[in-house]
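Below: the structure, in structure tokens.
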There are 2 protein chains.
Amino acid sequence: MAAEHPLDAALALAPVAPGRWRGATSPLWANMVGPFGGITAAQALAAVLRDERRLGDPVALTVNFCAPLAAGEFEIRTEPVRTNRSTQHWTVAVLQDGQTALAATAMTATRRPTWSADEAAPPAAPPPQHVARLRADGAVAWLARYDLRFVAGGFPAHWDGADSGDSRTLLWVRDEPPRPLDFAALAAMADVFYPRLWRRRARRVPIGTVSMTVYFLAEGDTVARAGSAPLLGEAHAHAYRAGYFDQSARLWSASGELLATSHQVVYYKE
Amino acid sequence: MAAEHPLDAALALAPVAPGRWRGATSPLWANMVGPFGGITAAQALAAVLRDERRLGDPVALTVNFCAPLAAGEFEIRTEPVRTNRSTQHWTVAVLQDGQTALAATAMTATRRPTWSADEAAPPAAPPPQHVARLRADGAVAWLARYDLRFVAGGFPAHWDGADSGDSRTLLWVRDEPPRPLDFAALAAMADVFYPRLWRRRARRVPIGTVSMTVYFLAEGDTVARAGSAPLLGEAHAHAYRAGYFDQSARLWSASGELLATSHQVVYYKE
């Protein structure tokens, strides 16, 4: 019997009662403090996706990281606060010991074909097989859950604190081992870009994402069509000011469709 | 006695109980259906700012527009779901007739000076006094609450449905009449960019913002220093797909500091 994919294992939630789910952190997804934020976002979204009251596919997800999750079990609470004809708004909370660790909102919708267009074209990039894969040995656990290939803006060769003035990264990313893309996987991938401050300053100062938003521009069919091929991702920051910086990211399918945009604001020290 | 500024009038909230506030829509801020989204976002933030339990200044705000507000009173509920040493996470709801009309989250923090830098430089623009002011007569009411000057990407001269392939707008914006900038005013201004789909297609299809996020990159001193001078704002879309498009915006002070970035996802018909 094939072992369960590490992403599916992390997304396994036990229903406790309507709108209440039990999940657990996994050492496979560990970050420096607590789990990789992307996997927590994916777990919050997965609870909405499994809720039988759900209408349609996710369009927007915002997760606020209120406190690091301790290793072990947590509870997720999902509540459809408003259901319209074709849209639905959700609040989601992840709790440990009765305390809110994550406060989230999600919007789902049934979607219909309309006039559609991509305006942000994928940047030019060599195909993934021509780009070296990041060696994740010895790094935080979650990095080994992805096949990451930096086209530009990889980890600094020297952490020498030289300000490059530039925070852009372009990379190929897919789940490791490969897994057909779905909304939860996409939510997690929206967070694979390492902190833009580290990129810009070649300096590993303490950081922590405080809020992340993902817009799922692609509908379910388009997401499914992306299959297990690598996605092209680009990220950059706009400003770093008094302890907080923002970063924005875009994820395209290998065939060039913009699947999602993502934005986050990150705490940093010094 | 000077009349109260229309923004301050809209932000007047009566405390009902701890974490409960009564406010009302205003015809001065009317949009096509319900109020201008920016004013509702500002009202939700204002409730957090007035809450005596609040720690620090806003860093992130996400508002989900669950349903249009009917003309009249509403209730705002503010809850600090997690308070840490220097950060605090809030959930906010705006209700009418016991139904959720807006579901929001906010993050506030005490901020300290750190290494800081702007990476997104303000685009070149002629000074506001050299740019024609938008004539808002006959348009929706809220447009007259702003002095808007389009440097590029103004309303299409002809709504002829020609796809320009481009959604960018660059503008100067200030409150009308002028009013010293604060976080609530900034939250409202993050929504002054008309729908990017209208800009791109020169076609006024029905639209409605479903979720908007604002990151307050500037701390309180920097926001206050912006005074009542116009801000420079830029917005663009990434993709339009099956009924939803996203748009991202940036707001700089007249002296070139990036004050806020904002992102939203918008429903569109046809």
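Lettering and numbering for the structure tokens are positional, with chains as A, B, ... in the shown order, residues counted from 1 in each chain, and ligands counted from 1 in the shown order.
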
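Counting only C-alpha atoms, segment 245-260 of chain B has the following residues at most 6 Å away, ignoring those fewer than 2 positions along the same chain: B:Tyr215, B:Phe216, B:Leu217, B:Ala218, B:Ala226, B:Leu231, B:Leu232, B:Gly233, B:Glu234, B:Ala235, B:His236, B:Ala237, B:Ala239, B:Tyr240, B:Ser262, B:His263, B:Gln264, B:Val265, B:Val266.
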
Excluding Val48 of chain A and residues on its chain fewer than 3 positions from it, collect all residues at most 12 Å away from it, counting only C-alpha atoms, and give them as a tab-separated table (two decimals) with C-alpha atoms, in the first residue's frame.
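Printed below is result27.tsv as written:
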```
chain	number	residue	atom	x	y	z
A	11	LEU	CA	-5.00	17.71	5.72
A	13	LEU	CA	-9.24	16.31	9.75
A	15	PRO	CA	-15.10	15.75	12.20
A	18	PRO	CA	-20.91	20.32	12.69
A	19	GLY	CA	-18.32	23.03	12.05
A	20	ARG	CA	-15.76	21.46	14.41
A	21	TRP	CA	-12.73	19.51	13.25
A	41	ALA	CA	-3.51	27.96	5.85
A	42	ALA	CA	-4.17	24.78	3.83
A	43	GLN	CA	-5.62	23.03	6.90
A	44	ALA	CA	-7.95	25.96	7.59
A	45	LEU	CA	-9.11	25.91	3.97
A	51	ASP	CA	-17.81	21.27	5.47
A	52	GLU	CA	-21.03	19.87	4.00
A	53	ARG	CA	-22.64	23.32	4.13
A	54	ARG	CA	-20.12	24.67	1.62
A	55	LEU	CA	-21.29	26.36	-1.59
A	56	GLY	CA	-18.83	26.42	-4.49
A	57	ASP	CA	-15.07	26.75	-4.69
A	58	PRO	CA	-12.75	29.08	-2.77
A	60	ALA	CA	-10.50	34.31	-1.24
A	61	LEU	CA	-8.77	33.14	1.91
A	76	ILE	CA	-10.71	24.03	13.69
A	77	ARG	CA	-14.08	25.80	13.81
A	78	THR	CA	-15.79	26.66	10.53
A	79	GLU	CA	-18.86	28.87	10.32
A	80	PRO	CA	-20.71	29.99	7.19
A	88	GLN	CA	-20.71	32.20	0.78
A	89	HIS	CA	-18.63	33.87	3.50
A	90	TRP	CA	-16.87	31.89	6.21
A	91	THR	CA	-15.07	32.56	9.45
A	92	VAL	CA	-12.54	29.97	10.52
A	93	ALA	CA	-10.60	29.65	13.77
A	104	ALA	CA	-9.31	33.31	9.20
A	105	THR	CA	-11.98	34.25	6.70
A	106	ALA	CA	-12.82	32.57	3.42
A	107	MET	CA	-15.15	33.28	0.53
A	108	THR	CA	-16.44	30.52	-1.72
A	183	PHE	CA	-7.04	24.46	-3.79
A	184	ALA	CA	-5.49	23.37	-0.49
```

- Measuring atom to atom with only C-alpha atoms, identify which of A:Thr222, A:Ser211, A:Ser167, A:Thr261 is nearest to Met189 of chain A. A:Thr261

Residues of chain A that have any atom at most 6 Å from an atom of chain B: could you tabulate them with the shortest-distance atom pair and the distance in Å to one decimal, using only C-alpha atoms, ordered by chain and increasing number, as a tab-separated table?
```
residue	atom	partner	partner_atom	distance
A:Arg111	CA	B:Ala242	CA	5.8
A:Arg112	CA	B:Ala242	CA	5.4
A:Pro113	CA	B:Ala242	CA	4.8
A:Thr114	CA	B:Ala242	CA	5.0
A:Ser116	CA	B:Arg241	CA	4.6
A:Ala117	CA	B:Tyr240	CA	5.2
A:Asp118	CA	B:Ala239	CA	4.3
A:Glu119	CA	B:His238	CA	5.1
A:Ala120	CA	B:His238	CA	4.9
A:His238	CA	B:Ala120	CA	4.9
A:Ala239	CA	B:Asp118	CA	4.3
A:Tyr240	CA	B:Ser116	CA	5.0
A:Arg241	CA	B:Ser116	CA	4.6
A:Ala242	CA	B:Pro113	CA	4.8
A:Glu270	CA	B:Thr114	CA	5.0
```

- Task: Would you list the contacts of Glu176 of chain B as an NGL selection string, taking every protein, DNA or RNA residue within 10 Å and counting only C-alpha atoms, but skipping same-chain residues closer than 6 positions in sequence?
- Result: :B and (5-7 or 143-148 or 228)

- Task: Write out as an MDAnalysis selection string all residues of segment 115-169 of chain A that DSSP puts in helix (DSSP H, G or I) for this structure's backbone.
- Result: chainID A and resid 128:130 141:145

Export, as a PDB file, in the first residue's frame, the selected residues with C-alpha atoms.
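part-v6.pdb, written as the output of this step:
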```
ATOM      1  CA  PRO A 128      12.214  23.423 -14.589  1.00  0.00           C
ATOM      2  CA  GLN A 129      14.345  20.499 -15.753  1.00  0.00           C
ATOM      3  CA  HIS A 130      17.033  23.028 -16.702  1.00  0.00           C
ATOM      4  CA  ALA A 141      11.516  20.158   7.524  1.00  0.00           C
ATOM      5  CA  TRP A 142       8.837  21.748   5.330  1.00  0.00           C
ATOM      6  CA  LEU A 143      11.327  22.729   2.614  1.00  0.00           C
ATOM      7  CA  ALA A 144      11.724  19.018   1.803  1.00  0.00           C
ATOM      8  CA  ARG A 145       7.960  18.863   1.088  1.00  0.00           C
TER       9      ARG A 145
END
```

- Message: Residues within 9 Å of Pro35 of chain A, please, as a PyMOL selection string. Count only C-alpha atoms; anything in the same chain fewer than 2 positions from it doesn't count.
- Response: chain A and resi 25-33+37-40+68-71+142

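Put simply, atom CA of Arg201 of chain B is 8.8 Å away from atom CA of Pro156 of chain B.
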
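With only C-alpha atoms as the atoms that count, the residue of A:Val192, A:Ala202, A:Val16, A:Arg179 with the shortest distance to His158 of chain A is A:Ala202.
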
- Message: So that I can check the secondary structure, give me every residue of segment 13-199 of chain A assigned strand (DSSP E or B) by backbone DSSP, as number ranges by chain.
- Response: A: 14-17, 20-24, 30, 35, 57-65, 73-83, 87-96, 99-109, 117-118, 146-152, 169-175

- Figure out the distance between atom CA of Ala2 of chain A and atom CA of Ala46 of chain A, please, to one decimal in Å. 22.2 Å
